[in-house]
file upload_19.cif (mmCIF, C-alpha atoms)
data_run
loop_
_atom_site.group_PDB
_atom_site.id
_atom_site.type_symbol
_atom_site.label_atom_id
_atom_site.label_comp_id
_atom_site.auth_asym_id
_atom_site.auth_seq_id
_atom_site.Cartn_x
_atom_site.Cartn_y
_atom_site.Cartn_z
ATOM 1 C CA MET A 7 -20.922 -24.390 -29.653
ATOM 2 C CA ALA A 8 -18.724 -21.291 -29.788
ATOM 3 C CA ALA A 9 -15.136 -21.592 -30.915
ATOM 4 C CA PRO A 10 -12.523 -21.064 -28.182
ATOM 5 C CA ALA A 11 -10.861 -17.668 -28.054
ATOM 6 C CA PRO A 12 -7.532 -17.598 -29.889
ATOM 7 C CA ALA A 13 -4.422 -17.654 -27.744
ATOM 8 C CA ALA A 14 -2.735 -14.291 -27.258
ATOM 9 C CA THR A 15 0.369 -13.761 -29.297
ATOM 10 C CA HIS A 16 3.662 -12.822 -27.671
ATOM 11 C CA GLU A 17 3.259 -9.219 -28.890
ATOM 12 C CA GLU A 18 -0.278 -8.952 -27.438
ATOM 13 C CA TYR A 19 0.899 -10.354 -24.108
ATOM 14 C CA ARG A 20 3.907 -8.034 -23.964
ATOM 15 C CA PHE A 21 1.621 -5.065 -24.644
ATOM 16 C CA LYS A 22 -0.601 -6.044 -21.710
ATOM 17 C CA VAL A 23 2.379 -6.439 -19.372
ATOM 18 C CA ASN A 24 3.629 -2.998 -20.399
ATOM 19 C CA GLU A 25 0.294 -1.512 -19.283
ATOM 20 C CA LEU A 26 0.761 -2.667 -15.673
ATOM 21 C CA LEU A 27 1.814 -0.048 -13.145
ATOM 22 C CA LEU A 28 4.079 -1.264 -10.337
ATOM 23 C CA LEU A 29 3.001 0.348 -7.053
ATOM 24 C CA SER A 30 5.141 -1.501 -4.516
ATOM 25 C CA ALA A 31 7.484 -4.461 -4.169
ATOM 26 C CA GLY A 32 9.096 -6.315 -1.296
ATOM 27 C CA LEU A 33 9.693 -9.620 0.439
ATOM 28 C CA ALA A 34 6.951 -11.597 2.175
ATOM 29 C CA ASP A 35 9.501 -13.771 3.983
ATOM 30 C CA ASN A 36 13.210 -14.469 3.541
ATOM 31 C CA SER A 37 12.910 -15.273 -0.151
ATOM 32 C CA THR A 38 9.379 -14.753 -1.512
ATOM 33 C CA VAL A 39 8.988 -11.667 -3.729
ATOM 34 C CA VAL A 40 5.674 -9.768 -3.748
ATOM 35 C CA LEU A 41 4.579 -7.145 -6.274
ATOM 36 C CA LEU A 42 1.572 -4.856 -5.921
ATOM 37 C CA PHE A 43 0.474 -3.583 -9.309
ATOM 38 C CA ARG A 44 -2.421 -1.785 -10.922
ATOM 39 C CA GLU A 45 -4.034 -3.057 -14.070
ATOM 40 C CA PRO A 46 -5.264 -0.705 -16.794
ATOM 41 C CA SER A 47 -8.983 -0.156 -17.021
ATOM 42 C CA VAL A 48 -11.307 1.483 -19.480
ATOM 43 C CA GLU A 49 -13.444 2.711 -16.578
ATOM 44 C CA TYR A 50 -12.157 5.970 -15.134
ATOM 45 C CA PHE A 51 -12.744 5.130 -11.475
ATOM 46 C CA ALA A 52 -11.857 1.439 -11.709
ATOM 47 C CA ASP A 53 -8.551 0.854 -9.978
ATOM 48 C CA LYS A 54 -7.898 -2.884 -10.006
ATOM 49 C CA ARG A 55 -4.920 -3.664 -7.786
ATOM 50 C CA CYS A 56 -3.459 -7.145 -7.613
ATOM 51 C CA LEU A 57 -0.622 -8.961 -5.908
ATOM 52 C CA ALA A 58 1.796 -11.281 -7.677
ATOM 53 C CA ILE A 59 4.100 -13.602 -5.742
ATOM 54 C CA ALA A 60 7.199 -15.481 -6.859
ATOM 55 C CA THR A 61 8.654 -18.226 -4.694
ATOM 56 C CA PRO A 62 12.171 -19.675 -4.860
ATOM 57 C CA GLY A 63 12.376 -22.366 -7.527
ATOM 58 C CA GLY A 64 8.932 -21.478 -8.860
ATOM 59 C CA LYS A 65 8.550 -21.168 -12.613
ATOM 60 C CA ASN A 66 5.525 -18.852 -12.531
ATOM 61 C CA TRP A 67 4.164 -15.947 -10.562
ATOM 62 C CA THR A 68 1.142 -16.648 -8.365
ATOM 63 C CA ARG A 69 -1.519 -13.980 -8.604
ATOM 64 C CA ILE A 70 -3.660 -13.067 -5.602
ATOM 65 C CA ASP A 71 -6.869 -11.383 -6.701
ATOM 66 C CA THR A 72 -8.735 -9.694 -3.921
ATOM 67 C CA ASN A 73 -12.112 -8.017 -3.686
ATOM 68 C CA ILE A 74 -10.497 -5.558 -1.303
ATOM 69 C CA ARG A 75 -9.070 -2.273 -2.559
ATOM 70 C CA ILE A 76 -5.464 -2.095 -1.419
ATOM 71 C CA VAL A 77 -4.587 1.539 -0.718
ATOM 72 C CA SER A 78 -0.888 1.233 0.123
ATOM 73 C CA ALA A 79 1.716 -1.440 0.717
ATOM 74 C CA LEU A 80 4.975 -1.684 2.635
ATOM 75 C CA PRO A 81 7.613 -4.353 3.201
ATOM 76 C CA PHE A 82 8.308 -4.224 6.954
ATOM 77 C CA ALA A 83 10.285 -6.510 9.277
ATOM 78 C CA GLY A 84 10.525 -9.294 6.685
ATOM 79 C CA ARG A 85 6.815 -9.311 5.789
ATOM 80 C CA PHE A 86 4.710 -7.576 3.139
ATOM 81 C CA TYR A 87 1.820 -5.487 4.502
ATOM 82 C CA CYS A 88 -1.109 -3.826 2.716
ATOM 83 C CA SER A 89 -3.582 -1.251 4.007
ATOM 84 C CA THR A 90 -7.247 -1.193 3.066
ATOM 85 C CA ALA A 91 -10.039 1.113 4.210
ATOM 86 C CA THR A 92 -10.464 -0.781 7.499
ATOM 87 C CA LYS A 93 -7.503 -3.049 8.145
ATOM 88 C CA ILE A 94 -3.850 -3.836 7.678
ATOM 89 C CA MET A 95 -3.276 -7.138 5.936
ATOM 90 C CA VAL A 96 -0.150 -9.254 5.539
ATOM 91 C CA VAL A 97 0.811 -11.719 2.817
ATOM 92 C CA ASP A 98 0.824 -15.169 4.435
ATOM 93 C CA THR A 99 3.230 -17.555 2.720
ATOM 94 C CA ALA A 100 2.807 -20.659 4.874
ATOM 95 C CA ALA A 101 4.377 -23.661 3.145
ATOM 96 C CA ASP A 102 1.265 -25.842 3.356
ATOM 97 C CA LYS A 103 -1.124 -23.487 1.508
ATOM 98 C CA GLN A 104 -1.445 -20.966 -1.297
ATOM 99 C CA PRO A 105 -0.178 -17.437 -0.510
ATOM 100 C CA GLN A 106 -3.006 -15.244 0.735
ATOM 101 C CA LEU A 107 -3.795 -11.947 2.442
ATOM 102 C CA VAL A 108 -4.748 -12.241 6.113
ATOM 103 C CA THR A 109 -5.670 -9.573 8.649
ATOM 104 C CA ALA A 110 -2.763 -8.301 10.762
ATOM 105 C CA ALA A 111 -4.512 -5.365 12.486
ATOM 106 C CA ASN A 112 -7.855 -3.580 12.427
ATOM 107 C CA TYR A 113 -8.437 0.136 12.737
ATOM 108 C CA GLU A 114 -11.377 2.492 12.850
ATOM 109 C CA PHE A 115 -11.416 6.084 11.762
ATOM 110 C CA ALA A 116 -14.013 8.114 9.959
ATOM 111 C CA VAL A 117 -11.945 9.891 7.334
ATOM 112 C CA GLY A 118 -8.624 9.726 5.626
ATOM 113 C CA LYS A 119 -6.550 7.741 3.207
ATOM 114 C CA PRO A 120 -4.432 5.176 5.086
ATOM 115 C CA CYS A 121 -0.770 4.876 4.209
ATOM 116 C CA LEU A 122 1.846 2.593 5.779
ATOM 117 C CA VAL A 123 5.321 3.862 6.689
ATOM 118 C CA ASP A 124 8.450 2.536 8.380
ATOM 119 C CA ASN A 125 9.456 5.215 10.888
ATOM 120 C CA ASP A 126 12.947 4.000 11.865
ATOM 121 C CA GLY A 127 11.722 0.489 12.699
ATOM 122 C CA VAL A 128 8.365 1.613 14.125
ATOM 123 C CA PHE A 129 5.368 0.529 12.041
ATOM 124 C CA ILE A 130 3.171 3.586 11.414
ATOM 125 C CA LEU A 131 -0.205 4.082 9.773
ATOM 126 C CA LEU A 132 -0.682 7.672 8.641
ATOM 127 C CA THR A 133 -4.046 8.948 7.465
ATOM 128 C CA HIS A 134 -4.479 12.209 5.633
ATOM 129 C CA TYR A 135 -7.637 14.008 4.639
ATOM 130 C CA ILE A 136 -8.983 17.400 3.630
ATOM 131 C CA SER A 137 -10.672 19.506 6.283
ATOM 132 C CA TYR A 138 -12.674 22.621 5.436
ATOM 133 C CA VAL A 139 -12.017 25.657 7.621
ATOM 134 C CA ASN A 140 -13.572 29.031 6.736
ATOM 135 C CA ARG A 141 -14.542 27.667 3.311
ATOM 136 C CA LYS A 142 -10.921 26.779 2.531
ATOM 137 C CA HIS A 143 -9.564 23.275 2.396
ATOM 138 C CA GLN A 144 -6.581 22.270 4.473
ATOM 139 C CA TRP A 145 -4.732 18.953 4.564
ATOM 140 C CA ARG A 146 -4.840 17.213 7.946
ATOM 141 C CA CYS A 147 -3.003 14.111 9.152
ATOM 142 C CA LYS A 148 -3.357 11.616 11.958
ATOM 143 C CA VAL A 149 -0.626 9.197 12.995
ATOM 144 C CA TYR A 150 -1.119 5.729 14.479
ATOM 145 C CA GLN A 151 1.424 3.197 15.678
ATOM 146 C CA VAL A 152 0.613 -0.321 14.519
ATOM 147 C CA ASP A 153 0.657 -2.895 17.317
ATOM 148 C CA LEU A 154 0.873 -6.198 15.432
ATOM 149 C CA ASP A 155 0.833 -8.274 18.648
ATOM 150 C CA ALA A 156 -2.511 -6.758 19.713
ATOM 151 C CA GLY A 157 -3.826 -6.521 16.130
ATOM 152 C CA LYS A 158 -4.729 -2.831 16.409
ATOM 153 C CA THR A 159 -3.502 0.720 15.957
ATOM 154 C CA VAL A 160 -2.874 3.305 18.666
ATOM 155 C CA ALA A 161 -3.014 7.055 18.010
ATOM 156 C CA VAL A 162 0.267 8.864 18.642
ATOM 157 C CA PRO A 163 0.519 12.637 19.094
ATOM 158 C CA GLN A 164 3.704 13.187 17.091
ATOM 159 C CA VAL A 165 6.347 11.626 14.850
ATOM 160 C CA ALA A 166 9.122 12.711 17.251
ATOM 161 C CA GLU A 167 12.476 13.342 15.616
ATOM 162 C CA HIS A 168 11.249 12.684 12.101
ATOM 163 C CA ALA A 169 9.686 14.480 9.157
ATOM 164 C CA MET A 170 7.242 12.621 6.935
ATOM 165 C CA PHE A 171 6.766 13.461 3.278
ATOM 166 C CA ILE A 172 3.527 12.393 1.568
ATOM 167 C CA SER A 173 3.415 11.798 -2.190
ATOM 168 C CA ARG A 174 1.163 13.878 -4.393
ATOM 169 C CA TYR A 175 -1.493 11.167 -4.560
ATOM 170 C CA GLY A 176 -1.008 10.161 -0.949
ATOM 171 C CA ASP A 177 -0.159 6.522 -1.544
ATOM 172 C CA ARG A 178 3.459 6.743 -0.346
ATOM 173 C CA VAL A 179 5.091 8.273 2.692
ATOM 174 C CA LEU A 180 8.791 8.746 3.340
ATOM 175 C CA SER A 181 10.055 9.162 6.914
ATOM 176 C CA VAL A 182 13.319 11.082 7.333
ATOM 177 C CA ARG A 183 15.240 11.644 10.564
ATOM 178 C CA ALA A 184 15.434 15.322 11.561
ATOM 179 C CA GLY A 185 18.933 16.743 11.453
ATOM 180 C CA LEU A 186 19.781 14.897 8.264
ATOM 181 C CA SER A 187 19.592 18.283 6.607
ATOM 182 C CA PRO A 188 19.249 21.785 8.095
ATOM 183 C CA SER A 189 15.985 22.192 6.174
ATOM 184 C CA ILE A 190 14.321 19.139 7.812
ATOM 185 C CA SER A 191 12.539 19.784 11.088
ATOM 186 C CA GLY A 192 11.364 17.061 13.444
ATOM 187 C CA ASP A 193 7.704 16.304 14.139
ATOM 188 C CA THR A 194 6.513 17.605 10.772
ATOM 189 C CA ILE A 195 4.378 16.066 8.061
#
call {"tool": "encode", "arguments": {"input": "upload_19.cif", "output": "structure tokens"}}
result
Amino acid sequence: MAAPAPAATHEEYRFKVNELLLLSAGLADNSTVVLLFREPSVEYFADKRCLAIATPGGKNWTRIDTNIRIVSALPFAGRFYCSTATKIMVVDTAADKQPQLVTAANYEFAVGKPCLVDNDGVFILLTHYISYVNRKHQWRCKVYQVDLDAGKTVAVPQVAEHAMFISRYGDRVLSVRAGLSPSISGDTI
């Protein structure tokens, strides 16, 4: 019989915590904190993303491991939403069960990296992808409004009086009202 693995020392544990990369944070309800973080990996393409939840009065964080790759996350209207390749999920914190991810809306599109954004109180899913035109690549975007009541997304032709800025790696989007600065034009991404 093999001997049990030795317990990690405080220094070893602290080192592991320091390797985590916080990607997003927010509230899942009035008082439950949710963190989306990435764990380090020795494999180049492995990108293990996990959720950790802390409830009021709780002494420990609850970890939600998923087999789904979470692409982006956004606290919106008092809930914590995550996008995957095919759906928008929400952290369900019902009192009678363990916190879990449940489907809030489905979407279908062939290409693009989905990213969630709060556009002045309107829940938006923005996808961006590279298109090749005349052997040159160009970034393209499509914008969808998330209809949580119907559980789906609806394509919208423009972002109206807003400009959206996409991060270098495309996992975050910032929506800014046009007119905030003379250099910000509406309906631009």
call {"tool": "atom_distance", "arguments": {"input": "upload_19.cif", "atom1": "atom CA of A:Cys121", "atom2": "atom CA of A:Ser78"}}
result
5.5 Å
call {"tool": "closest_residue", "arguments": {"input": "upload_19.cif", "among": "A:Ala58, A:Cys147, A:Leu154, A:Ala31", "to": "A:Ile94", "atoms": "only C-alpha atoms"}}
result
A:Leu154
call {"tool": "residues_around", "arguments": {"input": "upload_19.cif", "residues": "stretch 64-77 of chain A", "least_positions_apart": "4", "cutoff": "9 Å", "atoms": "all atoms listed in the file", "output": "list in words"}}
result
Leu42, Asp53, Lys54, Arg55, Cys56, Leu57, Ala58, Ile59, Ala60, Cys88, Ser89, Thr90, Ala91, Gln104, Pro105, Gln106, Leu107, Lys119, Pro120, Cys121 and Asp177 of chain A
call {"tool": "write_last_selection", "arguments": {"input": "upload_19.cif", "atoms": "C-alpha atoms", "output": "PDB file, in the frame of the given file"}}
result
ATOM      1  CA  LEU A  42       1.572  -4.856  -5.921  1.00  0.00           C
ATOM      2  CA  ASP A  53      -8.551   0.854  -9.978  1.00  0.00           C
ATOM      3  CA  LYS A  54      -7.898  -2.884 -10.006  1.00  0.00           C
ATOM      4  CA  ARG A  55      -4.920  -3.664  -7.786  1.00  0.00           C
ATOM      5  CA  CYS A  56      -3.459  -7.145  -7.613  1.00  0.00           C
ATOM      6  CA  LEU A  57      -0.622  -8.961  -5.908  1.00  0.00           C
ATOM      7  CA  ALA A  58       1.796 -11.281  -7.677  1.00  0.00           C
ATOM      8  CA  ILE A  59       4.100 -13.602  -5.742  1.00  0.00           C
ATOM      9  CA  ALA A  60       7.199 -15.481  -6.859  1.00  0.00           C
ATOM     10  CA  CYS A  88      -1.109  -3.826   2.716  1.00  0.00           C
ATOM     11  CA  SER A  89      -3.582  -1.251   4.007  1.00  0.00           C
ATOM     12  CA  THR A  90      -7.247  -1.193   3.066  1.00  0.00           C
ATOM     13  CA  ALA A  91     -10.039   1.113   4.210  1.00  0.00           C
ATOM     14  CA  GLN A 104      -1.445 -20.966  -1.297  1.00  0.00           C
ATOM     15  CA  PRO A 105      -0.178 -17.437  -0.510  1.00  0.00           C
ATOM     16  CA  GLN A 106      -3.006 -15.244   0.735  1.00  0.00           C
ATOM     17  CA  LEU A 107      -3.795 -11.947   2.442  1.00  0.00           C
ATOM     18  CA  LYS A 119      -6.550   7.741   3.207  1.00  0.00           C
ATOM     19  CA  PRO A 120      -4.432   5.176   5.086  1.00  0.00           C
ATOM     20  CA  CYS A 121      -0.770   4.876   4.209  1.00  0.00           C
ATOM     21  CA  ASP A 177      -0.159   6.522  -1.544  1.00  0.00           C
TER      22      ASP A 177
END
call {"tool": "residues_around", "arguments": {"input": "upload_19.cif", "residues": "A:Leu29", "least_positions_apart": "3", "cutoff": "8 Å", "atoms": "all atoms listed in the file", "output": "ChimeraX atom specification"}}
result
/A:41-44
call {"tool": "write_last_selection", "arguments": {"input": "upload_19.cif", "atoms": "C-alpha atoms", "output": "mmCIF file, keeping the file's coordinate frame"}}
result
data_model
loop_
_atom_site.group_PDB
_atom_site.id
_atom_site.type_symbol
_atom_site.label_atom_id
_atom_site.label_comp_id
_atom_site.auth_asym_id
_atom_site.auth_seq_id
_atom_site.Cartn_x
_atom_site.Cartn_y
_atom_site.Cartn_z
ATOM 1 C CA LEU A 41 4.579 -7.145 -6.274
ATOM 2 C CA LEU A 42 1.572 -4.856 -5.921
ATOM 3 C CA PHE A 43 0.474 -3.583 -9.309
ATOM 4 C CA ARG A 44 -2.421 -1.785 -10.922
#
call {"tool": "closest_residue", "arguments": {"input": "upload_19.cif", "among": "A:Glu45, A:Val162, A:Arg183, A:Gln144", "to": "A:Phe129", "atoms": "all atoms listed in the file"}}
result
A:Val162
call {"tool": "resolve_selection", "arguments": {"input": "upload_19.cif", "expression": "the PyMOL selection byres ((chain A and resi 150) around 9)", "output": "number ranges by chain"}}
result
A: 129-133, 148-149, 151-152, 159-163
call {"tool": "resolve_selection", "arguments": {"input": "upload_19.cif", "expression": "the PyMOL selection byres ((chain A and resi 101) around 12)", "output": "compact mmCIF listing (two decimals) with C-alpha atoms, in the coordinates of the input"}}
result
# COMPACT_ATOMS: atom_id res chain seq x y z
CA ASP A 35 9.50 -13.77 3.98
CA THR A 38 9.38 -14.75 -1.51
CA THR A 61 8.65 -18.23 -4.69
CA PRO A 62 12.17 -19.68 -4.86
CA ASP A 98 0.82 -15.17 4.43
CA THR A 99 3.23 -17.56 2.72
CA ALA A 100 2.81 -20.66 4.87
CA ASP A 102 1.26 -25.84 3.36
CA LYS A 103 -1.12 -23.49 1.51
CA GLN A 104 -1.44 -20.97 -1.30
CA PRO A 105 -0.18 -17.44 -0.51
CA GLN A 106 -3.01 -15.24 0.74
call {"tool": "atom_distance", "arguments": {"input": "upload_19.cif", "atom1": "atom CA of A:Val108", "atom2": "atom CA of A:Asn36"}}
result
18.3 Å
call {"tool": "closest_residue", "arguments": {"input": "upload_19.cif", "among": "A:Ala166, A:Ala83, A:Arg146, A:Gly157", "to": "A:Ala110", "atoms": "all atoms listed in the file"}}
result
A:Gly157
call {"tool": "atom_distance", "arguments": {"input": "upload_19.cif", "atom1": "atom CA of A:Lys142", "atom2": "atom CA of A:Tyr113"}}
result
28.6 Å
call {"tool": "decode", "arguments": {"input": "upload_19.cif", "residues": "stretch 87-100 of chain A", "atoms": "N, CA, C and O atoms", "output": "short mmCIF file (atom, residue, chain, number, x, y, z; two decimals), in the first residue's frame"}}
result
data_model
loop_
_atom_site.label_atom_id
_atom_site.label_comp_id
_atom_site.auth_asym_id
_atom_site.auth_seq_id
_atom_site.Cartn_x
_atom_site.Cartn_y
_atom_site.Cartn_z
N TYR A 87 -22.67 36.00 -15.36
CA TYR A 87 -22.83 35.27 -16.61
C TYR A 87 -21.49 34.88 -17.21
O TYR A 87 -20.51 35.61 -17.07
N CYS A 88 -21.46 33.75 -17.90
CA CYS A 88 -20.27 33.27 -18.59
C CYS A 88 -20.65 32.89 -20.01
O CYS A 88 -21.74 32.35 -20.24
N SER A 89 -19.76 33.16 -20.97
CA SER A 89 -20.01 32.70 -22.34
C SER A 89 -19.10 31.53 -22.65
O SER A 89 -17.96 31.47 -22.20
N THR A 90 -19.65 30.59 -23.41
CA THR A 90 -18.89 29.45 -23.91
C THR A 90 -18.99 29.51 -25.43
O THR A 90 -19.48 30.48 -25.99
N ALA A 91 -18.55 28.48 -26.10
CA ALA A 91 -18.61 28.45 -27.56
C ALA A 91 -20.04 28.42 -28.10
O ALA A 91 -20.28 28.85 -29.23
N THR A 92 -21.00 27.96 -27.31
CA THR A 92 -22.36 27.79 -27.83
C THR A 92 -23.47 28.35 -26.96
O THR A 92 -24.62 28.32 -27.35
N LYS A 93 -23.13 28.84 -25.77
CA LYS A 93 -24.21 29.30 -24.89
C LYS A 93 -23.73 30.32 -23.89
O LYS A 93 -22.53 30.47 -23.65
N ILE A 94 -24.69 31.01 -23.31
CA ILE A 94 -24.44 31.91 -22.19
C ILE A 94 -24.96 31.19 -20.95
O ILE A 94 -26.09 30.70 -20.94
N MET A 95 -24.13 31.12 -19.94
CA MET A 95 -24.50 30.42 -18.72
C MET A 95 -24.51 31.40 -17.56
O MET A 95 -23.87 32.45 -17.62
N VAL A 96 -25.27 31.08 -16.53
CA VAL A 96 -25.37 31.93 -15.35
C VAL A 96 -25.09 31.08 -14.12
O VAL A 96 -25.41 29.88 -14.08
N VAL A 97 -24.46 31.69 -13.12
CA VAL A 97 -24.21 30.99 -11.86
C VAL A 97 -25.51 30.98 -11.08
O VAL A 97 -26.06 32.03 -10.75
N ASP A 98 -26.02 29.79 -10.80
CA ASP A 98 -27.25 29.61 -10.04
C ASP A 98 -26.88 29.35 -8.58
O ASP A 98 -26.16 28.41 -8.27
N THR A 99 -27.38 30.22 -7.71
CA THR A 99 -27.04 30.12 -6.28
C THR A 99 -28.28 29.84 -5.44
O THR A 99 -28.42 30.37 -4.34
N ALA A 100 -29.16 28.99 -5.94
CA ALA A 100 -30.36 28.64 -5.17
C ALA A 100 -29.97 28.09 -3.81
O ALA A 100 -29.01 27.33 -3.68
#
